[in-house]
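Source file my_file.txt; content: compact mmCIF, N, CA and C atoms.
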# COMPACT_ATOMS: atom_id res chain seq x y z
N MET A 45 96.45 86.41 147.03
CA MET A 45 95.82 86.53 145.73
C MET A 45 94.35 86.17 145.88
N SER A 46 93.50 86.95 145.22
CA SER A 46 92.07 86.68 145.31
C SER A 46 91.73 85.37 144.61
N ALA A 47 90.65 84.76 145.04
CA ALA A 47 90.24 83.48 144.49
C ALA A 47 89.87 83.62 143.00
N LEU A 48 89.24 84.72 142.65
CA LEU A 48 88.82 84.91 141.26
C LEU A 48 90.03 85.09 140.35
N LYS A 49 90.99 85.88 140.78
CA LYS A 49 92.20 86.09 139.97
C LYS A 49 92.97 84.78 139.81
N GLU A 50 93.04 84.01 140.87
CA GLU A 50 93.73 82.72 140.80
C GLU A 50 93.02 81.78 139.83
N LYS A 51 91.68 81.79 139.85
CA LYS A 51 90.92 80.96 138.91
C LYS A 51 91.16 81.39 137.48
N LEU A 52 91.19 82.70 137.23
CA LEU A 52 91.44 83.20 135.88
C LEU A 52 92.82 82.76 135.39
N GLU A 53 93.82 82.83 136.26
CA GLU A 53 95.17 82.42 135.87
C GLU A 53 95.24 80.92 135.62
N ASN A 54 94.55 80.13 136.45
CA ASN A 54 94.52 78.69 136.22
C ASN A 54 93.81 78.36 134.91
N ASP A 55 92.72 79.07 134.63
CA ASP A 55 92.00 78.87 133.37
C ASP A 55 92.87 79.23 132.17
N LEU A 56 93.69 80.27 132.33
CA LEU A 56 94.61 80.66 131.26
C LEU A 56 95.59 79.54 130.98
N HIS A 57 96.17 78.98 132.02
CA HIS A 57 97.14 77.89 131.83
C HIS A 57 96.48 76.69 131.16
N THR A 58 95.25 76.38 131.56
CA THR A 58 94.52 75.26 130.96
C THR A 58 94.24 75.53 129.49
N ALA A 59 93.83 76.74 129.17
CA ALA A 59 93.54 77.10 127.78
C ALA A 59 94.81 77.05 126.93
N MET A 60 95.93 77.48 127.49
CA MET A 60 97.19 77.45 126.75
C MET A 60 97.60 76.00 126.47
N LYS A 61 97.44 75.13 127.45
CA LYS A 61 97.79 73.72 127.25
C LYS A 61 96.89 73.06 126.22
N ALA A 62 95.63 73.48 126.19
CA ALA A 62 94.66 72.92 125.24
C ALA A 62 94.78 73.58 123.86
N ARG A 63 95.65 74.58 123.75
CA ARG A 63 95.83 75.33 122.51
C ARG A 63 94.53 75.97 122.01
N ASP A 64 93.74 76.44 122.96
CA ASP A 64 92.50 77.15 122.66
C ASP A 64 92.84 78.63 122.53
N GLU A 65 93.06 79.07 121.30
CA GLU A 65 93.56 80.42 121.06
C GLU A 65 92.58 81.51 121.46
N VAL A 66 91.30 81.32 121.20
CA VAL A 66 90.31 82.35 121.53
C VAL A 66 90.23 82.53 123.04
N ARG A 67 90.13 81.42 123.76
CA ARG A 67 90.05 81.50 125.22
C ARG A 67 91.34 82.07 125.80
N THR A 68 92.49 81.68 125.25
CA THR A 68 93.77 82.19 125.74
C THR A 68 93.85 83.70 125.56
N ARG A 69 93.50 84.18 124.37
CA ARG A 69 93.54 85.64 124.12
C ARG A 69 92.59 86.38 125.04
N THR A 70 91.40 85.82 125.23
CA THR A 70 90.40 86.47 126.07
C THR A 70 90.87 86.55 127.52
N LEU A 71 91.39 85.45 128.04
CA LEU A 71 91.86 85.44 129.42
C LEU A 71 93.07 86.35 129.60
N ARG A 72 93.94 86.40 128.62
CA ARG A 72 95.08 87.32 128.71
C ARG A 72 94.61 88.77 128.75
N MET A 73 93.61 89.09 127.94
CA MET A 73 93.06 90.44 127.91
C MET A 73 92.43 90.78 129.27
N VAL A 74 91.71 89.83 129.84
CA VAL A 74 91.07 90.03 131.14
C VAL A 74 92.11 90.25 132.22
N LEU A 75 93.11 89.39 132.26
CA LEU A 75 94.15 89.52 133.29
C LEU A 75 94.96 90.80 133.13
N THR A 76 95.16 91.23 131.89
CA THR A 76 95.85 92.50 131.66
C THR A 76 95.03 93.66 132.22
N ALA A 77 93.73 93.64 131.98
CA ALA A 77 92.86 94.70 132.51
C ALA A 77 92.90 94.72 134.03
N VAL A 78 92.90 93.55 134.65
CA VAL A 78 92.96 93.46 136.12
C VAL A 78 94.29 94.00 136.62
N LYS A 79 95.38 93.59 135.99
CA LYS A 79 96.70 94.05 136.43
C LYS A 79 96.87 95.55 136.22
N ASN A 80 96.35 96.07 135.11
CA ASN A 80 96.41 97.52 134.88
C ASN A 80 95.65 98.28 135.96
N GLU A 81 94.51 97.75 136.36
CA GLU A 81 93.73 98.39 137.42
C GLU A 81 94.48 98.33 138.75
N GLU A 82 95.18 97.22 139.00
CA GLU A 82 95.91 97.09 140.24
C GLU A 82 97.05 98.10 140.35
N VAL A 83 97.71 98.40 139.26
CA VAL A 83 98.86 99.32 139.32
C VAL A 83 98.48 100.78 139.12
N SER A 84 97.25 101.04 138.68
CA SER A 84 96.83 102.43 138.54
C SER A 84 96.57 103.00 139.93
N GLY A 85 96.96 104.22 140.12
CA GLY A 85 96.81 104.81 141.45
C GLY A 85 97.82 104.21 142.39
N LYS A 86 97.37 103.67 143.49
CA LYS A 86 98.31 103.01 144.41
C LYS A 86 98.31 101.51 144.12
N ALA A 87 99.48 100.94 144.08
CA ALA A 87 99.62 99.52 143.76
C ALA A 87 99.05 98.67 144.89
N ARG A 88 98.08 97.85 144.56
CA ARG A 88 97.47 96.95 145.53
C ARG A 88 96.74 95.84 144.78
N GLU A 89 96.44 94.79 145.48
CA GLU A 89 95.71 93.68 144.88
C GLU A 89 94.21 93.94 145.00
N LEU A 90 93.48 93.66 143.93
CA LEU A 90 92.05 93.89 143.92
C LEU A 90 91.30 92.76 144.62
N THR A 91 90.16 93.11 145.18
CA THR A 91 89.29 92.09 145.76
C THR A 91 88.48 91.45 144.62
N ASP A 92 87.80 90.35 144.93
CA ASP A 92 86.97 89.69 143.92
C ASP A 92 85.90 90.64 143.39
N ASP A 93 85.28 91.42 144.28
CA ASP A 93 84.24 92.36 143.84
C ASP A 93 84.81 93.42 142.90
N GLU A 94 86.01 93.90 143.19
CA GLU A 94 86.64 94.90 142.32
C GLU A 94 87.01 94.28 140.97
N ILE A 95 87.42 93.03 140.97
CA ILE A 95 87.74 92.34 139.71
C ILE A 95 86.48 92.20 138.86
N VAL A 96 85.37 91.86 139.50
CA VAL A 96 84.10 91.75 138.77
C VAL A 96 83.73 93.10 138.16
N THR A 97 83.96 94.18 138.89
CA THR A 97 83.68 95.52 138.37
C THR A 97 84.53 95.81 137.14
N VAL A 98 85.81 95.45 137.20
CA VAL A 98 86.71 95.66 136.06
C VAL A 98 86.23 94.83 134.86
N LEU A 99 85.88 93.58 135.10
CA LEU A 99 85.43 92.70 134.02
C LEU A 99 84.14 93.21 133.40
N THR A 100 83.24 93.71 134.22
CA THR A 100 81.98 94.27 133.72
C THR A 100 82.25 95.48 132.83
N ARG A 101 83.15 96.34 133.26
CA ARG A 101 83.50 97.54 132.48
C ARG A 101 84.14 97.14 131.15
N GLU A 102 85.04 96.16 131.17
CA GLU A 102 85.70 95.72 129.94
C GLU A 102 84.71 95.07 128.98
N ALA A 103 83.77 94.28 129.52
CA ALA A 103 82.76 93.64 128.67
C ALA A 103 81.87 94.69 128.01
N LYS A 104 81.53 95.73 128.76
CA LYS A 104 80.71 96.81 128.21
C LYS A 104 81.44 97.50 127.06
N LYS A 105 82.75 97.75 127.24
CA LYS A 105 83.54 98.37 126.17
C LYS A 105 83.50 97.53 124.91
N ARG A 106 83.66 96.21 125.08
CA ARG A 106 83.69 95.31 123.92
C ARG A 106 82.35 95.26 123.21
N ARG A 107 81.26 95.24 124.01
CA ARG A 107 79.92 95.23 123.40
C ARG A 107 79.67 96.51 122.62
N GLU A 108 80.08 97.65 123.20
CA GLU A 108 79.87 98.93 122.51
C GLU A 108 80.69 98.99 121.23
N ALA A 109 81.91 98.49 121.26
CA ALA A 109 82.75 98.48 120.06
C ALA A 109 82.14 97.57 119.00
N ALA A 110 81.64 96.41 119.40
CA ALA A 110 81.03 95.48 118.44
C ALA A 110 79.80 96.12 117.80
N THR A 111 79.00 96.81 118.60
CA THR A 111 77.82 97.49 118.08
C THR A 111 78.22 98.59 117.10
N ALA A 112 79.24 99.36 117.45
CA ALA A 112 79.69 100.45 116.57
C ALA A 112 80.19 99.90 115.24
N PHE A 113 80.96 98.82 115.28
CA PHE A 113 81.46 98.22 114.04
C PHE A 113 80.31 97.66 113.21
N ALA A 114 79.35 97.01 113.86
CA ALA A 114 78.20 96.45 113.14
C ALA A 114 77.38 97.56 112.50
N ASP A 115 77.17 98.65 113.23
CA ASP A 115 76.41 99.78 112.69
C ASP A 115 77.10 100.42 111.50
N ALA A 116 78.43 100.35 111.49
CA ALA A 116 79.20 100.94 110.38
C ALA A 116 79.37 99.95 109.22
N GLY A 117 78.76 98.76 109.35
CA GLY A 117 78.85 97.77 108.28
C GLY A 117 80.20 97.05 108.25
N ARG A 118 80.92 97.04 109.36
CA ARG A 118 82.22 96.40 109.43
C ARG A 118 82.15 95.22 110.39
N ASP A 119 81.31 94.26 110.05
CA ASP A 119 81.08 93.10 110.92
C ASP A 119 82.34 92.28 111.15
N GLU A 120 83.28 92.30 110.22
CA GLU A 120 84.49 91.49 110.38
C GLU A 120 85.37 91.98 111.51
N GLN A 121 85.22 93.23 111.94
CA GLN A 121 86.04 93.76 113.03
C GLN A 121 85.54 93.21 114.34
Before we go any further, please render this structure as structure tokens.
Amino acid sequence: MSALKEKLENDLHTAMKARDEVRTRTLRMVLTAVKNEEVSGKARELTDDEIVTVLTREAKKRREAATAFADAGRDEQ
């Protein structure tokens, strides 16, 4: 297991124990994106660099969605 993925999973467990709902949801979403990338195509474990690429892509999606909602006057989304 890559060091970054292991850190993310440890952070998830810590957030769950602390009952930090926002951090827990965020880390679950991140780990889901990583796992989806691992099983797409040929099943393999991602390297730390590939995980960073996945996280960057997911962050970009979220920023674009937030901008689109703000532009449409739907800040609560």
One-decimal distance in Å that lies between atom C of Glu102 of chain A and atom CA of Leu52 of chain A: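 Between atom CA of Leu52 of chain A and atom C of Glu102 of chain A the gap works out to 15.3 Å.
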Sphere at (86.3, 89.1, 141.3), radius 6.5 Å, counting only N, CA and C atoms: residues as a PDB file with N, CA and C atoms, keeping the file's coordinate frame:
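Just written: selection14.pdb:
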ATOM      1  N   LEU A  48      89.240  84.720 142.650  1.00  0.00           N
ATOM      2  CA  LEU A  48      88.820  84.910 141.260  1.00  0.00           C
ATOM      3  C   LEU A  48      90.030  85.090 140.350  1.00  0.00           C
ATOM      4  N   LYS A  49      90.990  85.880 140.780  1.00  0.00           N
ATOM      5  CA  LYS A  49      92.200  86.090 139.970  1.00  0.00           C
ATOM      6  C   LYS A  49      92.970  84.780 139.810  1.00  0.00           C
ATOM      7  N   THR A  91      90.160  93.110 145.180  1.00  0.00           N
ATOM      8  CA  THR A  91      89.290  92.090 145.760  1.00  0.00           C
ATOM      9  C   THR A  91      88.480  91.450 144.620  1.00  0.00           C
ATOM     10  N   ASP A  92      87.800  90.350 144.930  1.00  0.00           N
ATOM     11  CA  ASP A  92      86.970  89.690 143.920  1.00  0.00           C
ATOM     12  C   ASP A  92      85.900  90.640 143.390  1.00  0.00           C
ATOM     13  N   ASP A  93      85.280  91.420 144.280  1.00  0.00           N
ATOM     14  CA  ASP A  93      84.240  92.360 143.840  1.00  0.00           C
ATOM     15  C   ASP A  93      84.810  93.420 142.900  1.00  0.00           C
ATOM     16  N   GLU A  94      86.010  93.900 143.190  1.00  0.00           N
ATOM     17  CA  GLU A  94      86.640  94.900 142.320  1.00  0.00           C
ATOM     18  C   GLU A  94      87.010  94.280 140.970  1.00  0.00           C
ATOM     19  N   ILE A  95      87.420  93.030 140.970  1.00  0.00           N
ATOM     20  CA  ILE A  95      87.740  92.340 139.710  1.00  0.00           C
ATOM     21  C   ILE A  95      86.480  92.200 138.860  1.00  0.00           C
ATOM     22  N   VAL A  96      85.370  91.860 139.500  1.00  0.00           N
ATOM     23  CA  VAL A  96      84.100  91.750 138.770  1.00  0.00           C
ATOM     24  C   VAL A  96      83.730  93.100 138.160  1.00  0.00           C
ATOM     25  N   THR A  97      83.960  94.180 138.890  1.00  0.00           N
ATOM     26  CA  THR A  97      83.680  95.520 138.370  1.00  0.00           C
ATOM     27  C   THR A  97      84.530  95.810 137.140  1.00  0.00           C
TER      28      THR A  97
END
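If you look at atom N of Glu53 of chain A and atom C of Ala110 of chain A, they are 26.7 Å away from each other.
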Point-to-point distance from atom N of Asp55 of chain A to atom CA of Met73 of chain A, Å rounded to tenths: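 Calculated distance between atom N of Asp55 of chain A and atom CA of Met73 of chain A is 13.2 Å.
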Pick from A:Ser84, A:Thr100, A:Thr76, A:Thr70 nearest to Leu56 of chain A, counting only C-alpha atoms: A:Thr70
Alpha helix (DSSP H) positions in chain A, given as a ChimeraX atom specification: /A:47-61,65-83,92-115
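Counting only C-alpha atoms and comparing A:Arg118, A:Arg69, A:Lys79, A:Lys104, the residue that lies closest to His57 of chain A is A:Arg69.
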Residue nearest Ala77 of chain A - candidates A:Met60, A:Val98, A:Leu90, A:Ala116, atoms counted: all atoms listed in the file: A:Val98
Which of A:Ala112, A:Arg106, A:Leu99, A:Met45 sits closest to Val78 of chain A [using only C-alpha atoms]: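 Closest candidate: A:Leu99.
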Fix up segment 58-69 of chain A with all heavy atoms, then write it as an mmCIF file, keeping the file's coordinate frame.
data_model
loop_
_atom_site.group_PDB
_atom_site.id
_atom_site.type_symbol
_atom_site.label_atom_id
_atom_site.label_comp_id
_atom_site.auth_asym_id
_atom_site.auth_seq_id
_atom_site.Cartn_x
_atom_site.Cartn_y
_atom_site.Cartn_z
ATOM 1 N N THR A 58 95.250 76.380 131.560
ATOM 2 C CA THR A 58 94.520 75.260 130.960
ATOM 3 C C THR A 58 94.240 75.530 129.490
ATOM 4 O O THR A 58 94.413 74.645 128.648
ATOM 5 C CB THR A 58 93.188 75.033 131.723
ATOM 6 O OG1 THR A 58 93.476 74.791 133.092
ATOM 7 C CG2 THR A 58 92.424 73.869 131.141
ATOM 8 N N ALA A 59 93.830 76.740 129.170
ATOM 9 C CA ALA A 59 93.540 77.100 127.780
ATOM 10 C C ALA A 59 94.810 77.050 126.930
ATOM 11 O O ALA A 59 94.772 76.616 125.765
ATOM 12 C CB ALA A 59 92.920 78.491 127.700
ATOM 13 N N MET A 60 95.930 77.480 127.490
ATOM 14 C CA MET A 60 97.190 77.450 126.750
ATOM 15 C C MET A 60 97.600 76.000 126.470
ATOM 16 O O MET A 60 98.020 75.678 125.355
ATOM 17 C CB MET A 60 98.281 78.170 127.537
ATOM 18 C CG MET A 60 98.085 79.669 127.584
ATOM 19 S SD MET A 60 99.175 80.520 128.745
ATOM 20 C CE MET A 60 100.762 80.203 128.037
ATOM 21 N N LYS A 61 97.440 75.130 127.450
ATOM 22 C CA LYS A 61 97.790 73.720 127.250
ATOM 23 C C LYS A 61 96.890 73.060 126.220
ATOM 24 O O LYS A 61 97.334 72.197 125.469
ATOM 25 C CB LYS A 61 97.698 72.964 128.582
ATOM 26 C CG LYS A 61 98.819 73.285 129.528
ATOM 27 C CD LYS A 61 98.672 72.522 130.833
ATOM 28 C CE LYS A 61 99.761 72.914 131.803
ATOM 29 N NZ LYS A 61 99.592 72.247 133.108
ATOM 30 N N ALA A 62 95.630 73.480 126.190
ATOM 31 C CA ALA A 62 94.660 72.920 125.240
ATOM 32 C C ALA A 62 94.780 73.580 123.860
ATOM 33 O O ALA A 62 94.083 73.184 122.933
ATOM 34 C CB ALA A 62 93.245 73.091 125.774
ATOM 35 N N ARG A 63 95.650 74.580 123.750
ATOM 36 C CA ARG A 63 95.830 75.330 122.510
ATOM 37 C C ARG A 63 94.530 75.970 122.010
ATOM 38 O O ARG A 63 94.264 76.040 120.827
ATOM 39 C CB ARG A 63 96.448 74.457 121.430
ATOM 40 C CG ARG A 63 97.820 73.943 121.803
ATOM 41 C CD ARG A 63 98.451 73.201 120.648
ATOM 42 N NE ARG A 63 99.685 72.534 121.042
ATOM 43 C CZ ARG A 63 100.870 73.110 121.092
ATOM 44 N NH1 ARG A 63 100.994 74.378 120.793
ATOM 45 N NH2 ARG A 63 101.934 72.414 121.439
ATOM 46 N N ASP A 64 93.740 76.440 122.960
ATOM 47 C CA ASP A 64 92.500 77.150 122.660
ATOM 48 C C ASP A 64 92.840 78.630 122.530
ATOM 49 O O ASP A 64 92.907 79.363 123.513
ATOM 50 C CB ASP A 64 91.491 76.907 123.782
ATOM 51 C CG ASP A 64 90.117 77.499 123.496
ATOM 52 O OD1 ASP A 64 90.010 78.369 122.602
ATOM 53 O OD2 ASP A 64 89.159 77.092 124.170
ATOM 54 N N GLU A 65 93.060 79.070 121.300
ATOM 55 C CA GLU A 65 93.560 80.420 121.060
ATOM 56 C C GLU A 65 92.580 81.510 121.460
ATOM 57 O O GLU A 65 92.990 82.527 122.026
ATOM 58 C CB GLU A 65 93.936 80.573 119.589
ATOM 59 C CG GLU A 65 95.149 79.742 119.204
ATOM 60 C CD GLU A 65 95.564 79.958 117.764
ATOM 61 O OE1 GLU A 65 95.306 81.053 117.227
ATOM 62 O OE2 GLU A 65 96.133 79.027 117.196
ATOM 63 N N VAL A 66 91.300 81.320 121.200
ATOM 64 C CA VAL A 66 90.310 82.350 121.530
ATOM 65 C C VAL A 66 90.230 82.530 123.040
ATOM 66 O O VAL A 66 90.275 83.640 123.556
ATOM 67 C CB VAL A 66 88.930 82.007 120.939
ATOM 68 C CG1 VAL A 66 87.867 82.970 121.438
ATOM 69 C CG2 VAL A 66 88.992 82.016 119.423
ATOM 70 N N ARG A 67 90.130 81.420 123.760
ATOM 71 C CA ARG A 67 90.050 81.500 125.220
ATOM 72 C C ARG A 67 91.340 82.070 125.800
ATOM 73 O O ARG A 67 91.305 82.883 126.722
ATOM 74 C CB ARG A 67 89.769 80.121 125.808
ATOM 75 C CG ARG A 67 89.583 80.164 127.304
ATOM 76 C CD ARG A 67 89.069 78.874 127.829
ATOM 77 N NE ARG A 67 87.665 78.800 127.432
ATOM 78 C CZ ARG A 67 86.925 77.725 127.580
ATOM 79 N NH1 ARG A 67 87.416 76.646 128.105
ATOM 80 N NH2 ARG A 67 85.665 77.731 127.201
ATOM 81 N N THR A 68 92.490 81.680 125.250
ATOM 82 C CA THR A 68 93.770 82.190 125.740
ATOM 83 C C THR A 68 93.850 83.700 125.560
ATOM 84 O O THR A 68 94.225 84.420 126.486
ATOM 85 C CB THR A 68 94.932 81.494 125.004
ATOM 86 O OG1 THR A 68 94.883 80.091 125.277
ATOM 87 C CG2 THR A 68 96.274 82.043 125.452
ATOM 88 N N ARG A 69 93.500 84.180 124.370
ATOM 89 C CA ARG A 69 93.540 85.640 124.120
ATOM 90 C C ARG A 69 92.590 86.380 125.040
ATOM 91 O O ARG A 69 92.914 87.452 125.567
ATOM 92 C CB ARG A 69 93.215 85.933 122.656
ATOM 93 C CG ARG A 69 94.336 85.617 121.699
ATOM 94 C CD ARG A 69 94.076 86.223 120.333
ATOM 95 N NE ARG A 69 92.731 85.954 119.841
ATOM 96 C CZ ARG A 69 92.437 85.084 118.871
ATOM 97 N NH1 ARG A 69 93.386 84.395 118.290
ATOM 98 N NH2 ARG A 69 91.202 84.913 118.485
#
